[in-house]
Amino acid sequence: MSVAIVTGGAKGIGRAIVEKLAKNNHKVIIHYNTSNIKAEELKKELINKGFVVDIFKADLTKREEVINLVEYTNKTFGQVEILVNNAGIDQIKLFTEITDLDWNTMINTNLNSVFYLTQEITKKMIKNHNGCIINISSIWGIVGASCEAHYSVTKAGIDALTKSLAKELAPSNIRVNSVAPGMIDTDMNKCFSEKEIEEIKKEIPLGRIGTVEEVASCVMWLIENKYMTGQIISPNGGWVI
């Protein structure tokens with residue numbers, strides 16, 4: 001039974017990944033920052049089903065809170081063998097209207113947080129000569145998105161980090177991959193109207209948006225396939241090929 005941390009694990013894609021890992025006999029720390037009610041509810045639900053999970057609140061933009069998360073996980077369940085960097089934010093805004101605060105908040109939340117936590121985790125993974133890191137990026141990190149320049153930059157950065165670390169950490173038996181979803185049915189996309197969603201569906205060869213369960217299944221496959229590293233897998237219905 002491996003030990004896993006899933007950041008932003010209380011809702012959306014993160015929740016689906018937590019559920020998938022728990023059901024596959026992994027001990028899971030569900031990280032959250034602001035979604036405390038949803039985190040508590042998910043913890044209670046999974047424990048009632050007999051799964052081994054716990055929750056931990058941390059602002060991942062602060063190194064000291066990241067260290068606290070890692071230490072708590074080690075004391076509660078043992079050394080982390082699986083890390084899923086899922087937590088992140090989005091913002092739709094014209095490039096010319098992005099403020100310094102917008103830019104820095106996006107970089108800190110989506111990219112610096114991944115740097116901090118991955119660095120703290122890999123220090124111990126290297127000693128144990130074992131580990132699996134899955135970064136949740138985005139289709140927009142691959143092709144870029146209009147009116148989401150700062151978001152796209154962070155996701156492209158995550159993919160670049162994935163490839164670099166896959167090479168650097170492979171000799172220590174640590175695999176690093178990214179999952180870059182396309183349009184997925186989550187709260188992040190609730191800003192689109194039904195009409196806009198229908199227009200997007202027309203652009204997707206499979207004719208629909210994806211589900212969080214489909215993304216979680218992709219994550220699970222990357223965890224189980226021991227020969228996969230340095231890859232950017234994009235479940236996007238053929239939207240980008």
# chains A, B, ... in the order shown; residues from 1 in each chain; ligands from 1
call {"tool": "residues_around", "arguments": {"residues": "stretch 162-169 of chain A", "least_positions_apart": "5", "cutoff": "10 Å", "atoms": "only C-alpha atoms", "output": "ChimeraX atom specification"}}
result
/A:118,122,125-126,129-135,137,156-157,174-178,228-232
call {"tool": "write_last_selection", "arguments": {"atoms": "C-alpha atoms", "output": "PDB file, in the first residue's frame"}}
result
ATOM      1  CA  THR A 118       8.226  18.440  -5.699  1.00  0.00           C
ATOM      2  CA  THR A 122      12.098  14.220  -4.218  1.00  0.00           C
ATOM      3  CA  MET A 125      12.313   9.783  -2.895  1.00  0.00           C
ATOM      4  CA  ILE A 126      15.954   9.851  -4.010  1.00  0.00           C
ATOM      5  CA  HIS A 129      15.269   5.067  -4.763  1.00  0.00           C
ATOM      6  CA  ASN A 130      11.581   4.987  -5.594  1.00  0.00           C
ATOM      7  CA  GLY A 131       8.847   7.402  -6.588  1.00  0.00           C
ATOM      8  CA  CYS A 132       6.213   8.508  -9.053  1.00  0.00           C
ATOM      9  CA  ILE A 133       5.272  12.135  -9.738  1.00  0.00           C
ATOM     10  CA  ILE A 134       2.281  13.125 -11.845  1.00  0.00           C
ATOM     11  CA  ASN A 135       1.811  16.780 -12.731  1.00  0.00           C
ATOM     12  CA  SER A 137      -0.946  20.601 -16.529  1.00  0.00           C
ATOM     13  CA  ALA A 156       3.944  24.972 -20.156  1.00  0.00           C
ATOM     14  CA  GLY A 157       6.423  25.457 -17.323  1.00  0.00           C
ATOM     15  CA  ILE A 174      11.687   8.144  -9.932  1.00  0.00           C
ATOM     16  CA  ARG A 175       9.257   8.593 -12.813  1.00  0.00           C
ATOM     17  CA  VAL A 176       7.781  11.984 -13.721  1.00  0.00           C
ATOM     18  CA  ASN A 177       4.901  12.516 -16.144  1.00  0.00           C
ATOM     19  CA  SER A 178       2.280  15.147 -16.936  1.00  0.00           C
ATOM     20  CA  MET A 228       6.462   5.625 -18.591  1.00  0.00           C
ATOM     21  CA  THR A 229       8.435   8.742 -17.759  1.00  0.00           C
ATOM     22  CA  GLY A 230       8.912  12.195 -19.227  1.00  0.00           C
ATOM     23  CA  GLN A 231       5.622  12.053 -21.112  1.00  0.00           C
ATOM     24  CA  ILE A 232       2.872  14.640 -21.574  1.00  0.00           C
TER      25      ILE A 232
END
call {"tool": "residues_around", "arguments": {"residues": "A:Gln119", "least_positions_apart": "3", "cutoff": "12 Å", "atoms": "only C-alpha atoms", "output": "PyMOL selection string"}}
result
chain A and resi 63+66-67+70+83+85+112-116+122-126+133+161+165+169
call {"tool": "write_last_selection", "arguments": {"atoms": "N, CA and C atoms", "output": "JSON list (two decimals), in the first residue's frame"}}
result
[["chain", "number", "residue", "atom", "x", "y", "z"],
["A", 63, "ARG", "N", 6.81, 28.00, 1.34],
["A", 63, "ARG", "CA", 7.70, 26.86, 1.53],
["A", 63, "ARG", "C", 7.49, 26.19, 2.90],
["A", 66, "VAL", "N", 4.51, 23.96, 2.91],
["A", 66, "VAL", "CA", 4.81, 22.76, 2.11],
["A", 66, "VAL", "C", 5.58, 21.75, 2.96],
["A", 67, "ILE", "N", 6.57, 22.22, 3.68],
["A", 67, "ILE", "CA", 7.37, 21.35, 4.55],
["A", 67, "ILE", "C", 6.47, 20.71, 5.61],
["A", 70, "VAL", "N", 4.54, 17.81, 4.06],
["A", 70, "VAL", "CA", 5.38, 16.62, 3.86],
["A", 70, "VAL", "C", 5.65, 15.92, 5.19],
["A", 83, "LEU", "N", 3.23, 11.38, -5.80],
["A", 83, "LEU", "CA", 2.85, 12.79, -5.66],
["A", 83, "LEU", "C", 2.07, 13.20, -6.90],
["A", 85, "ASN", "N", 0.61, 16.57, -8.38],
["A", 85, "ASN", "CA", 0.52, 18.02, -8.30],
["A", 85, "ASN", "C", -0.67, 18.49, -9.13],
["A", 112, "ASN", "N", 5.18, 27.88, -8.81],
["A", 112, "ASN", "CA", 6.08, 27.85, -7.65],
["A", 112, "ASN", "C", 5.68, 26.77, -6.66],
["A", 113, "SER", "N", 4.38, 26.56, -6.50],
["A", 113, "SER", "CA", 3.89, 25.54, -5.58],
["A", 113, "SER", "C", 4.37, 24.15, -5.99],
["A", 114, "VAL", "N", 4.37, 23.90, -7.30],
["A", 114, "VAL", "CA", 4.85, 22.60, -7.81],
["A", 114, "VAL", "C", 6.35, 22.46, -7.55],
["A", 115, "PHE", "N", 7.08, 23.54, -7.74],
["A", 115, "PHE", "CA", 8.52, 23.52, -7.47],
["A", 115, "PHE", "C", 8.79, 23.21, -6.00],
["A", 116, "TYR", "N", 8.13, 23.92, -5.09],
["A", 116, "TYR", "CA", 8.37, 23.73, -3.67],
["A", 116, "TYR", "C", 8.07, 22.30, -3.23],
["A", 122, "THR", "N", 11.06, 14.98, -3.51],
["A", 122, "THR", "CA", 12.10, 14.22, -4.22],
["A", 122, "THR", "C", 13.35, 14.01, -3.36],
["A", 123, "LYS", "N", 13.59, 14.90, -2.41],
["A", 123, "LYS", "CA", 14.74, 14.70, -1.51],
["A", 123, "LYS", "C", 14.65, 13.34, -0.83],
["A", 124, "LYS", "N", 13.44, 12.97, -0.42],
["A", 124, "LYS", "CA", 13.24, 11.71, 0.27],
["A", 124, "LYS", "C", 13.08, 10.55, -0.73],
["A", 125, "MET", "N", 12.47, 10.82, -1.88],
["A", 125, "MET", "CA", 12.31, 9.78, -2.89],
["A", 125, "MET", "C", 13.67, 9.29, -3.39],
["A", 126, "ILE", "N", 14.61, 10.22, -3.54],
["A", 126, "ILE", "CA", 15.95, 9.85, -4.01],
["A", 126, "ILE", "C", 16.62, 8.90, -3.02],
["A", 133, "ILE", "N", 5.82, 10.78, -9.80],
["A", 133, "ILE", "CA", 5.27, 12.13, -9.74],
["A", 133, "ILE", "C", 4.41, 12.37, -10.97],
["A", 161, "LEU", "N", 9.22, 21.27, -16.69],
["A", 161, "LEU", "CA", 9.78, 20.71, -15.46],
["A", 161, "LEU", "C", 9.64, 19.19, -15.47],
["A", 165, "LEU", "N", 12.91, 16.86, -15.07],
["A", 165, "LEU", "CA", 13.04, 15.99, -13.90],
["A", 165, "LEU", "C", 13.01, 14.52, -14.28],
["A", 169, "LEU", "N", 15.88, 12.42, -12.64],
["A", 169, "LEU", "CA", 15.52, 11.52, -11.54],
["A", 169, "LEU", "C", 15.40, 10.06, -11.94]]
call {"tool": "residues_around", "arguments": {"residues": "stretch 41-51 of chain A", "least_positions_apart": "2", "cutoff": "10 Å", "atoms": "only C-alpha atoms", "output": "ChimeraX atom specification"}}
result
/A:9-11,15,18-19,21-30,36-39,53-55
call {"tool": "write_last_selection", "arguments": {"atoms": "C-alpha atoms", "output": "mmCIF file, in the first residue's frame"}}
result
data_model
loop_
_atom_site.group_PDB
_atom_site.id
_atom_site.type_symbol
_atom_site.label_atom_id
_atom_site.label_comp_id
_atom_site.auth_asym_id
_atom_site.auth_seq_id
_atom_site.Cartn_x
_atom_site.Cartn_y
_atom_site.Cartn_z
ATOM 1 C CA GLY A 9 -7.721 16.964 -3.792
ATOM 2 C CA ALA A 10 -11.047 18.087 -2.341
ATOM 3 C CA LYS A 11 -12.912 18.739 -5.575
ATOM 4 C CA ARG A 15 -11.179 14.545 -5.954
ATOM 5 C CA VAL A 18 -8.073 10.794 -4.680
ATOM 6 C CA GLU A 19 -10.995 8.407 -5.077
ATOM 7 C CA LEU A 21 -6.029 6.060 -5.614
ATOM 8 C CA ALA A 22 -7.957 5.159 -2.462
ATOM 9 C CA LYS A 23 -9.945 2.484 -4.280
ATOM 10 C CA ASN A 24 -6.668 1.027 -5.556
ATOM 11 C CA ASN A 25 -5.369 0.535 -2.007
ATOM 12 C CA HIS A 26 -3.206 3.618 -1.644
ATOM 13 C CA LYS A 27 -3.019 5.703 1.525
ATOM 14 C CA VAL A 28 -3.891 9.245 0.476
ATOM 15 C CA ILE A 29 -3.329 12.661 2.002
ATOM 16 C CA ILE A 30 -5.934 15.000 0.550
ATOM 17 C CA ASN A 36 -12.100 22.720 3.984
ATOM 18 C CA ILE A 37 -15.768 21.667 4.001
ATOM 19 C CA LYS A 38 -15.407 19.589 0.838
ATOM 20 C CA ALA A 39 -12.177 18.073 2.162
ATOM 21 C CA VAL A 53 -7.136 8.816 3.865
ATOM 22 C CA ASP A 54 -6.504 12.017 5.770
ATOM 23 C CA ILE A 55 -6.611 15.727 4.976
#
call {"tool": "select_by_dssp", "arguments": {"residues": "stretch 75-200 of chain A", "states": "strand (DSSP E)", "output": "ChimeraX atom specification"}}
result
/A:82-85,131-136,174-179
call {"tool": "closest_atom_pairs", "arguments": {"of": "stretch 107-193 of chain A", "to": "stretch 204-216 of chain A", "cutoff": "9 Å", "atoms": "only C-alpha atoms", "output": "tab-separated table"}}
result
residue	atom	partner	partner_atom	distance
A:Val179	CA	A:Val215	CA	7.7
A:Ala180	CA	A:Val215	CA	8.9
A:Pro181	CA	A:Val215	CA	7.0
A:Gly182	CA	A:Gly210	CA	7.5
A:Met183	CA	A:Ile209	CA	5.4
A:Ile184	CA	A:Gly210	CA	4.5
A:Asp185	CA	A:Thr211	CA	5.5
A:Thr186	CA	A:Val212	CA	7.4
call {"tool": "write_last_selection", "arguments": {"atoms": "C-alpha atoms", "output": "PDB file, in the first residue's frame"}}
result
ATOM      1  CA  VAL A 179      -1.405  14.803 -17.685  1.00  0.00           C
ATOM      2  CA  ALA A 180      -2.606  17.754 -19.782  1.00  0.00           C
ATOM      3  CA  PRO A 181      -6.403  17.642 -19.949  1.00  0.00           C
ATOM      4  CA  GLY A 182      -8.503  19.407 -22.541  1.00  0.00           C
ATOM      5  CA  MET A 183     -11.999  20.653 -21.703  1.00  0.00           C
ATOM      6  CA  ILE A 184     -13.163  18.737 -18.619  1.00  0.00           C
ATOM      7  CA  ASP A 185     -16.472  19.028 -16.766  1.00  0.00           C
ATOM      8  CA  THR A 186     -15.292  20.868 -13.633  1.00  0.00           C
TER       9      THR A 186
END
call {"tool": "select_by_dssp", "arguments": {"residues": "stretch 174-219 of chain A", "states": "alpha helix (DSSP H)", "output": "MDAnalysis selection string"}}
result
chainID A and resid 194:203 212:219
call {"tool": "write_last_selection", "arguments": {"atoms": "C-alpha atoms", "output": "short mmCIF file (atom, residue, chain, number, x, y, z; two decimals), in the first residue's frame"}}
result
data_model
loop_
_atom_site.label_atom_id
_atom_site.label_comp_id
_atom_site.auth_asym_id
_atom_site.auth_seq_id
_atom_site.Cartn_x
_atom_site.Cartn_y
_atom_site.Cartn_z
CA GLU A 194 -24.32 26.31 -22.37
CA LYS A 195 -24.10 27.87 -25.83
CA GLU A 196 -20.32 28.32 -25.48
CA ILE A 197 -19.93 24.71 -24.31
CA GLU A 198 -21.88 23.50 -27.33
CA GLU A 199 -19.62 25.50 -29.64
CA ILE A 200 -16.55 23.99 -27.99
CA LYS A 201 -17.98 20.48 -28.39
CA LYS A 202 -18.21 21.11 -32.13
CA GLU A 203 -14.44 21.66 -32.20
CA VAL A 212 -12.87 13.94 -14.18
CA GLU A 213 -12.99 10.13 -13.98
CA GLU A 214 -11.33 9.89 -17.38
CA VAL A 215 -8.49 12.12 -16.22
CA ALA A 216 -8.12 10.10 -13.01
CA SER A 217 -7.92 6.88 -15.03
CA CYS A 218 -5.09 8.39 -17.07
CA VAL A 219 -3.24 9.30 -13.86
#
call {"tool": "atom_distance", "arguments": {"atom1": "atom CA of A:Asn128", "atom2": "atom CA of A:Met220"}}
result
21.5 Å
call {"tool": "atom_distance", "arguments": {"atom1": "atom CA of A:Ile89", "atom2": "atom CA of A:Ser35"}}
result
13.2 Å
call {"tool": "residues_around", "arguments": {"residues": "A:Trp103", "least_positions_apart": "5", "cutoff": "9 Å", "atoms": "only C-alpha atoms", "output": "PyMOL selection string"}}
result
chain A and resi 98+108+150-151
call {"tool": "write_last_selection", "arguments": {"atoms": "N, CA and C atoms", "output": "tab-separated table (two decimals), in the first residue's frame"}}
result
chain	number	residue	atom	x	y	z
A	98	ILE	N	-3.69	42.04	-17.92
A	98	ILE	CA	-3.14	41.26	-16.81
A	98	ILE	C	-2.27	42.17	-15.95
A	108	ASN	N	2.88	31.96	-8.74
A	108	ASN	CA	3.05	31.41	-7.39
A	108	ASN	C	2.16	30.20	-7.16
A	150	HIS	N	-1.08	33.98	-19.03
A	150	HIS	CA	-0.35	33.68	-17.78
A	150	HIS	C	-0.64	32.25	-17.32
A	151	TYR	N	-1.87	31.80	-17.50
A	151	TYR	CA	-2.21	30.40	-17.17
A	151	TYR	C	-1.43	29.45	-18.07
call {"tool": "closest_residue", "arguments": {"among": "A:Ile223, A:Phe192, A:Thr154, A:Gly88", "to": "A:Ala4", "atoms": "only C-alpha atoms"}}
result
A:Ile223
